[in-house]
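Engineer: Right, I'll just put the structure down here and ask away after.
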Amino acid sequence: MKRVNKNIVFNRLKRIIKEQFIDKICSVCAGKEEKGQLWYASYFATMIALMFNPMADTRNSVIHFKRLIGEGIIQNVDVARRTSNFSCWFMLFIVAFVVIYFLTGYLLSQNYKAEEKKVIDFLNHFLVIANINVVLLSINFFQNENSDTKIFQYSAQLIFAIACVALLYIVLRLGRFITAERYFILFVIAFSMGYGVTAIVNQKWDSGRMLFMIQIILFCIATTGLLVAKKILRSVPGESFFRMFLVVSSFLPFVTSFYIELMNILNQWGIYVVRVRRYYMAVLGLVILAAIAFSALADRKKWKLTNWRGISYPVLIFGISCLAVQLPLEAQYGAEMYESANYSVLISDFLKYGSIPLVEHYGGHMLTGVWEGIIYAVLNHDTSGAILSPYMVYIAPVLAVLFFYLVKYLWNEDMAFLTVLFLPFYDSWSYYGLGMIVCLAAMAFAKKNTYIKAAIVWFAVIWCALYRLDLGAAFGTAVVLTLIVYVLRSKNWRAAKQLTITLGVWGFTGITAWCIICRSRGVDAFERLKEFLMISFSNGNWAYDNIGSAGNMAYSWCYLLMPFLCAVCLVFTVFSKKIKRSISSEQWIILLVMGFSYFANYSRGLVRHSLAETSTLIVIIWSGYIFIAAFFSCYQKNKKVFIITFMGIVVSSSLLMWNANFEEKSLLDKEVEVTGNFTDSWKFAAVEDDQKSYWQELAEKGEPAERVQWTDELQEQVKPYRVILNALLKEDDTFVDFMNKSFLYSALNRKAPCYVSQSPMQLSGEEAQEMFIKETEGVPIVLMPLENNEYDRSDSLDGIPNTYRYYKISEYIYQKYVPLCRYTNKFAIWCLPQRYEEMKQKVETLMYSNTDLAITEITESIYTIDFGYDGPFKNEDTSYTYLGVFHSIPVSYLPEIWAEYDEKKASENPVTVKMDSNDENIFFINRDQFTPDPNGNYLLLHASSDCDMESTIIKIGKYDNGVFEERYRYLITVSEGVHDYLIRVSTDYYWYTDSVNAISVQSDVELSDVSMSILAGD
């Protein structure tokens, strides 16, 4: 054999190392950085560093005691080891970063064929998502590492797997054997089929570990099999086969979710499936057979299926989203006694009485939760559970798909798909994100003007408005402004014609439908529309006196920096020719709609959904965040900038709002948390000694499971009302809620007698109160609050008592009803005088003749009452104790405002009593010459003060034999100078009794020129 010269071999090897490695490193150091190199290094280095936890107990425990004693030592913590751990950790990251940086520089500098370049381009985009994911992982790293159980980050592991699989394709130059598209399709097929295979294997889900392992195994089998087949058979199916297989298999997550819910629904109809996994295997087999059959057909027919992404991606996202919000067969649900009435009343009255939502009952959140509740009732044969609207969560899959389409136009389909799966977004806007459907409809119309697409734009607005009126109003305004700008900038008068005509058709159709439905239900269409509008435009009812803490950084961000930034960007978007020319028409429309919608909805952040409630981010600012991120992406002509900016703002604003870790989970992480709960329950006990499965126990029980179980807290809240009202009312009777607990109508299966679903808080203005009175006339009993001792404020909202805020209603109740009984200090019941004896007898029967031990605790806390039952109570020191705010009413500046700025000029109403005073500054009412006005009465106070913003108490009571006994009071604020103050004095039931004949003024400052008059009401 010929002998090889060692020097020649050594020199050749040295030359290769120098040319292929050292020179590349030098070029990198000289600033010749390969595209995306930094993304690779930062991601992989961080992932390596996160494998080491410097705060682990085992790494920080004391192993050498030097007789230095401190808190750390006595708790077995060695600070020297902690310091060393962090130093090593930082060094590990730096070394990993440098090595990976140079390695990727070398790797990316090679000459690759077209297929490998496609994968490199994919990685250059994907690693942006990967780096964002690893940042989010890092935010909660120490919290997760210190948890009691080891947390498996499914999405992080899958991202790492995708990056490694892509790098493997590049390093091994697999482009010679398999196209990049087919390689990616195989991975997505394995991802999708993994759900089906994991569900049928008799193994634990294990927080998604089993799913991850099976998906990787399936991908390895598919790829290896394809490469082997190509090597041996020299022929494999074409692209059409794989594309169609992916399209069909992409339905598997949704089929899995549908199958799980179908098992639940069948149980509700008395059909008990025991071998759930066996039947699912049959379903999976059918899906696989369908995939093979359709794929073979597509391959034979040479279908191109170039839009495979447009079909499979939304279907996969929708299916995984459905799994993420999957409802169990049995679960506990709670409700807010006031807020939940927004949908519960509309659902229960529709199901039991056929009342048409919005026509016969107003929902404060329109039809949010209503459609879902009705569909649930129909499918599950469960009307009682429907009032809690379990299916409300299924808006999430719709929003996930909408977000996919939005990101698709701002980035590309692949990245939109991966963004929706791997990055958290839903909690940033909840169901308010439905406005994206308006944005997408406008984009479709701008792309191709047709009458159908113009009609779809208005339909999208109508649908949003029906779902949430504020949402529809904001995006309706935004799309109108957007289309005006679009028409004027493009001078497209044909589009203006299409939009105007279709809007007119929708308007005519809506008005006609409204009139027909109202007439069929015996409702005055005009009056009901008027009532609807009065209730809807009620900002004055809900506004706080402030919008948050000005000392919080979030205050300036939400109310100054963010709106100013959006305003500048929106002006550029509307008027800049450069922006419009450099981006697509779809992107331009996204910018316009999102920008305008932010400002159209901004006023809500100044009313109730402000920083005072920390709800500004979800309700108001989310569209502004999308707008800002999209604007900078378009302005920089860099599509990656969108998701970087968006997630950066979302995470930062979360810190500003809540000063806590950003803990929102991605769609995939939410899904793997819950899916295993269902698949693990499918295990069948084949042997008698085995523990029976959940489904076997249900079948043996022989009756449908209770899908919607009330929480113990909710049951305890409702129980007293159920016991007492069921004893008092006939089957077809109902009651009036005057204590902000309108959910009781649904909970007690009683018809809501009024239009508003939340009484009385949704009422706005005098006319709405008058309509409420008309609607509730003749109802036998009224629920009245007592002491304010519950979380949801029975007697008031924002400190303003129901009796004063809704003075016409309270005055009506005081004149038409009488006190009947009370339950402890939680609520009282008033009834019609003509039914008092009947009701009193029922109360006494319940109190003294109850034989049901289950309700004894309740019946022992029921008491009959008369006027004065709720105080005030006189103390030994002659002061008074008040329950709640019904007899001690804080009205602050309202009397002065009412006297001087009232549009009806109530201060000029006729004087019914001119009051005289004594030396004690007590003013008298001659009851022999005065009868309370059925329309109420005002107290006109005229006074002069040298001080500003001073608290004054107006005490109303009875003066007898030189002693003044207080009955109720108003707490007002007087201003400097001479002013009139107007108080609606008839908002307390004592006004209508003979125990009121005098009024006293108590102030910390001296008031001069004080005079009082009683005026007629209006």
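For the structure tokens, the naming scheme is as follows: chains receive sequential letters (A, B, ...) according to their order of presentation, residues are indexed from 1 within each chain, and ligands are indexed from 1 in presentation order.
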Quick one: everything within 9 Å of Tyr745 of chain A, counting only C-alpha atoms, minus sequence neighbours fewer than 5 positions away in the same chain. Send it as a ChimeraX atom specification.
Structural biologist: /A:341,344-345,348-349,734-735,737,750-752
Engineer: So which residues of segment 914-1000 of chain A fall under helix (DSSP H, G or I) by DSSP, listed as a VMD selection string?
Structural biologist: chain A and resid 989 to 992
Engineer: Which polymer residues have any atom within 10 Å of an atom of Gln587 of chain A, counting only C-alpha atoms, with same-chain residues fewer than 5 positions away left out, as an mmCIF file with all heavy atoms, in the first residue's frame?
Structural biologist:
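File written: part-v1.cif
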data_model
loop_
_atom_site.group_PDB
_atom_site.id
_atom_site.type_symbol
_atom_site.label_atom_id
_atom_site.label_comp_id
_atom_site.auth_asym_id
_atom_site.auth_seq_id
_atom_site.Cartn_x
_atom_site.Cartn_y
_atom_site.Cartn_z
ATOM 1 N N LEU A 406 -55.609 37.797 10.775
ATOM 2 C CA LEU A 406 -55.033 39.136 10.925
ATOM 3 C C LEU A 406 -53.507 39.085 10.802
ATOM 4 O O LEU A 406 -52.902 39.864 10.067
ATOM 5 C CB LEU A 406 -55.435 39.724 12.279
ATOM 6 C CG LEU A 406 -55.253 41.234 12.436
ATOM 7 C CD1 LEU A 406 -56.319 41.978 11.635
ATOM 8 C CD2 LEU A 406 -55.347 41.635 13.896
ATOM 9 N N VAL A 407 -52.887 38.141 11.524
ATOM 10 C CA VAL A 407 -51.431 38.016 11.479
ATOM 11 C C VAL A 407 -50.975 37.548 10.095
ATOM 12 O O VAL A 407 -49.904 37.934 9.618
ATOM 13 C CB VAL A 407 -50.937 37.043 12.571
ATOM 14 C CG1 VAL A 407 -49.419 36.893 12.517
ATOM 15 C CG2 VAL A 407 -51.368 37.525 13.947
ATOM 16 N N TYR A 409 -52.031 38.466 7.219
ATOM 17 C CA TYR A 409 -51.865 39.607 6.313
ATOM 18 C C TYR A 409 -50.724 40.522 6.747
ATOM 19 O O TYR A 409 -50.207 41.294 5.933
ATOM 20 C CB TYR A 409 -53.167 40.393 6.223
ATOM 21 C CG TYR A 409 -54.232 39.686 5.429
ATOM 22 C CD1 TYR A 409 -55.339 39.118 6.067
ATOM 23 C CD2 TYR A 409 -54.132 39.549 4.050
ATOM 24 C CE1 TYR A 409 -56.322 38.454 5.346
ATOM 25 C CE2 TYR A 409 -55.099 38.880 3.325
ATOM 26 C CZ TYR A 409 -56.190 38.330 3.976
ATOM 27 O OH TYR A 409 -57.147 37.666 3.260
ATOM 28 N N LEU A 410 -50.352 40.439 8.021
ATOM 29 C CA LEU A 410 -49.250 41.271 8.502
ATOM 30 C C LEU A 410 -47.903 40.560 8.435
ATOM 31 O O LEU A 410 -46.856 41.205 8.490
ATOM 32 C CB LEU A 410 -49.526 41.702 9.948
ATOM 33 C CG LEU A 410 -50.702 42.652 10.134
ATOM 34 C CD1 LEU A 410 -51.029 42.815 11.605
ATOM 35 C CD2 LEU A 410 -50.427 44.010 9.505
ATOM 36 N N TRP A 411 -47.913 39.222 8.331
ATOM 37 C CA TRP A 411 -46.664 38.457 8.292
ATOM 38 C C TRP A 411 -46.759 37.444 7.159
ATOM 39 O O TRP A 411 -46.603 37.794 6.001
ATOM 40 C CB TRP A 411 -46.462 37.780 9.646
ATOM 41 C CG TRP A 411 -45.041 37.429 9.958
ATOM 42 C CD1 TRP A 411 -43.984 37.434 9.091
ATOM 43 C CD2 TRP A 411 -44.528 37.016 11.225
ATOM 44 N NE1 TRP A 411 -42.854 37.070 9.740
ATOM 45 C CE2 TRP A 411 -43.147 36.805 11.052
ATOM 46 C CE3 TRP A 411 -45.076 36.815 12.481
ATOM 47 C CZ2 TRP A 411 -42.308 36.380 12.089
ATOM 48 C CZ3 TRP A 411 -44.264 36.407 13.516
ATOM 49 C CH2 TRP A 411 -42.898 36.193 13.327
ATOM 50 N N MET A 443 -61.234 44.470 4.811
ATOM 51 C CA MET A 443 -60.099 44.099 3.970
ATOM 52 C C MET A 443 -60.563 43.359 2.720
ATOM 53 O O MET A 443 -60.075 43.621 1.614
ATOM 54 C CB MET A 443 -59.144 43.212 4.761
ATOM 55 C CG MET A 443 -58.332 43.953 5.808
ATOM 56 S SD MET A 443 -57.605 42.828 7.023
ATOM 57 C CE MET A 443 -56.868 41.606 5.959
ATOM 58 N N LYS A 580 -48.879 54.247 2.264
ATOM 59 C CA LYS A 580 -49.877 53.551 1.449
ATOM 60 C C LYS A 580 -49.237 52.808 0.277
ATOM 61 O O LYS A 580 -49.661 51.715 -0.094
ATOM 62 C CB LYS A 580 -50.920 54.548 0.926
ATOM 63 C CG LYS A 580 -52.140 53.875 0.287
ATOM 64 C CD LYS A 580 -53.195 54.884 -0.072
ATOM 65 C CE LYS A 580 -54.441 54.189 -0.597
ATOM 66 N NZ LYS A 580 -54.191 53.346 -1.748
ATOM 67 N N SER A 582 -46.149 51.633 0.163
ATOM 68 C CA SER A 582 -45.177 50.616 0.578
ATOM 69 C C SER A 582 -45.814 49.370 1.178
ATOM 70 O O SER A 582 -45.110 48.396 1.446
ATOM 71 C CB SER A 582 -44.193 51.217 1.587
ATOM 72 O OG SER A 582 -44.879 51.629 2.758
ATOM 73 N N LEU A 592 -55.981 51.257 9.449
ATOM 74 C CA LEU A 592 -57.056 52.247 9.585
ATOM 75 C C LEU A 592 -58.129 51.777 10.564
ATOM 76 O O LEU A 592 -58.538 52.524 11.464
ATOM 77 C CB LEU A 592 -57.672 52.536 8.218
ATOM 78 C CG LEU A 592 -56.807 53.333 7.237
ATOM 79 C CD1 LEU A 592 -57.486 53.409 5.874
ATOM 80 C CD2 LEU A 592 -56.537 54.735 7.762
ATOM 81 N N ALA A 630 -48.589 46.916 14.194
ATOM 82 C CA ALA A 630 -48.722 46.815 12.733
ATOM 83 C C ALA A 630 -48.116 48.031 12.039
ATOM 84 O O ALA A 630 -47.488 47.914 10.976
ATOM 85 C CB ALA A 630 -50.195 46.666 12.360
ATOM 86 N N PHE A 631 -48.295 49.205 12.644
ATOM 87 C CA PHE A 631 -47.759 50.421 12.036
ATOM 88 C C PHE A 631 -46.236 50.370 11.945
ATOM 89 O O PHE A 631 -45.650 50.632 10.897
ATOM 90 C CB PHE A 631 -48.191 51.648 12.833
ATOM 91 C CG PHE A 631 -47.622 52.939 12.299
ATOM 92 C CD1 PHE A 631 -48.241 53.606 11.246
ATOM 93 C CD2 PHE A 631 -46.458 53.478 12.836
ATOM 94 C CE1 PHE A 631 -47.706 54.777 10.738
ATOM 95 C CE2 PHE A 631 -45.925 54.660 12.349
ATOM 96 C CZ PHE A 631 -46.549 55.308 11.289
ATOM 97 N N CYS A 634 -45.079 47.894 9.331
ATOM 98 C CA CYS A 634 -45.220 48.411 7.964
ATOM 99 C C CYS A 634 -44.237 49.541 7.696
ATOM 100 O O CYS A 634 -43.653 49.634 6.605
ATOM 101 C CB CYS A 634 -46.660 48.886 7.746
ATOM 102 S SG CYS A 634 -47.889 47.578 7.804
#
Engineer: For the atom pair atom CA of Tyr863 of chain A and atom CA of Tyr823 of chain A, what is the interatomic distance in Å to one decimal place?
Structural biologist: 6.5 Å
Engineer: Of the candidates A:Val287, A:Leu421, A:Ile956, A:Ile862, which shows the shortest atom-to-atom distance to Tyr848 of chain A, using only C-alpha atoms?
Structural biologist: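 Ranking A:Val287, A:Leu421, A:Ile956, A:Ile862 by distance to Tyr848 of chain A, first place goes to A:Ile862.
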Engineer: Just give me the gap between atom CA of Pro390 of chain A and atom CA of His365 of chain A in Å, one decimal is fine.
Structural biologist: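 Calculated distance between atom CA of Pro390 of chain A and atom CA of His365 of chain A is 16.3 Å.
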Engineer: List the spatial neighbours of Thr859 of chain A as a list of chain:residue names - criterion: any atom at most 9 Å away, only C-alpha atoms, same-chain residues fewer than 5 positions off excluded.
Structural biologist: A:Pro720, A:Val723, A:Ile724, A:Tyr823, A:Leu846, A:Met847, A:Tyr848, A:Asn850
Engineer: Quick one: pull the distance between atom CA of Val1005 of chain A and atom CA of Ile922 of chain A, Å, one decimal.
Structural biologist: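 Rounded to one decimal, the two atoms are 16.4 Å apart.
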Engineer: So which bits of segment 856-907 of chain A end up strand (DSSP E) when you DSSP the backbone, as an MDAnalysis selection string?
Structural biologist: chainID A and resid 862:864 873:874 880:881 888:892
Engineer: For the selection just defined, write its residues with N, CA, C and O atoms to a file, as a PDB file, in the first residue's frame.
Structural biologist:
ATOM      1  N   ILE A 862     -86.269  34.560  59.928  1.00  0.00           N
ATOM      2  CA  ILE A 862     -87.278  35.384  59.266  1.00  0.00           C
ATOM      3  C   ILE A 862     -88.085  36.127  60.323  1.00  0.00           C
ATOM      4  O   ILE A 862     -88.493  35.545  61.338  1.00  0.00           O
ATOM      5  N   TYR A 863     -88.325  37.411  60.066  1.00  0.00           N
ATOM      6  CA  TYR A 863     -89.065  38.226  61.038  1.00  0.00           C
ATOM      7  C   TYR A 863     -90.068  39.090  60.292  1.00  0.00           C
ATOM      8  O   TYR A 863     -89.763  39.636  59.222  1.00  0.00           O
ATOM      9  N   THR A 864     -91.241  39.228  60.855  1.00  0.00           N
ATOM     10  CA  THR A 864     -92.204  40.187  60.302  1.00  0.00           C
ATOM     11  C   THR A 864     -91.747  41.595  60.686  1.00  0.00           C
ATOM     12  O   THR A 864     -91.115  41.797  61.719  1.00  0.00           O
ATOM     13  N   PHE A 873     -81.249  53.560  64.545  1.00  0.00           N
ATOM     14  CA  PHE A 873     -81.396  53.129  65.938  1.00  0.00           C
ATOM     15  C   PHE A 873     -80.675  54.121  66.845  1.00  0.00           C
ATOM     16  O   PHE A 873     -79.497  54.411  66.660  1.00  0.00           O
ATOM     17  N   LYS A 874     -81.414  54.604  67.823  1.00  0.00           N
ATOM     18  CA  LYS A 874     -80.871  55.622  68.718  1.00  0.00           C
ATOM     19  C   LYS A 874     -80.007  54.975  69.789  1.00  0.00           C
ATOM     20  O   LYS A 874     -80.393  53.996  70.423  1.00  0.00           O
ATOM     21  N   TYR A 880     -77.091  58.195  66.410  1.00  0.00           N
ATOM     22  CA  TYR A 880     -77.899  57.212  65.693  1.00  0.00           C
ATOM     23  C   TYR A 880     -77.000  56.259  64.898  1.00  0.00           C
ATOM     24  O   TYR A 880     -75.963  56.658  64.353  1.00  0.00           O
ATOM     25  N   THR A 881     -77.404  55.005  64.864  1.00  0.00           N
ATOM     26  CA  THR A 881     -76.718  53.981  64.070  1.00  0.00           C
ATOM     27  C   THR A 881     -77.563  53.660  62.852  1.00  0.00           C
ATOM     28  O   THR A 881     -78.768  53.398  62.970  1.00  0.00           O
ATOM     29  N   SER A 888     -79.165  57.016  55.366  1.00  0.00           N
ATOM     30  CA  SER A 888     -78.062  57.970  55.490  1.00  0.00           C
ATOM     31  C   SER A 888     -77.449  58.092  54.111  1.00  0.00           C
ATOM     32  O   SER A 888     -76.618  57.280  53.697  1.00  0.00           O
ATOM     33  N   ILE A 889     -77.884  59.128  53.401  1.00  0.00           N
ATOM     34  CA  ILE A 889     -77.654  59.179  51.961  1.00  0.00           C
ATOM     35  C   ILE A 889     -76.608  60.233  51.607  1.00  0.00           C
ATOM     36  O   ILE A 889     -76.852  61.439  51.766  1.00  0.00           O
ATOM     37  N   PRO A 890     -75.435  59.819  51.120  1.00  0.00           N
ATOM     38  CA  PRO A 890     -74.409  60.789  50.714  1.00  0.00           C
ATOM     39  C   PRO A 890     -74.680  61.273  49.288  1.00  0.00           C
ATOM     40  O   PRO A 890     -74.689  60.489  48.346  1.00  0.00           O
ATOM     41  N   VAL A 891     -74.901  62.575  49.140  1.00  0.00           N
ATOM     42  CA  VAL A 891     -75.176  63.121  47.807  1.00  0.00           C
ATOM     43  C   VAL A 891     -74.184  64.212  47.412  1.00  0.00           C
ATOM     44  O   VAL A 891     -74.250  64.740  46.302  1.00  0.00           O
ATOM     45  N   SER A 892     -73.313  64.592  48.321  1.00  0.00           N
ATOM     46  CA  SER A 892     -72.186  65.496  48.034  1.00  0.00           C
ATOM     47  C   SER A 892     -72.625  66.747  47.283  1.00  0.00           C
ATOM     48  O   SER A 892     -73.426  67.536  47.775  1.00  0.00           O
TER      49      SER A 892
END
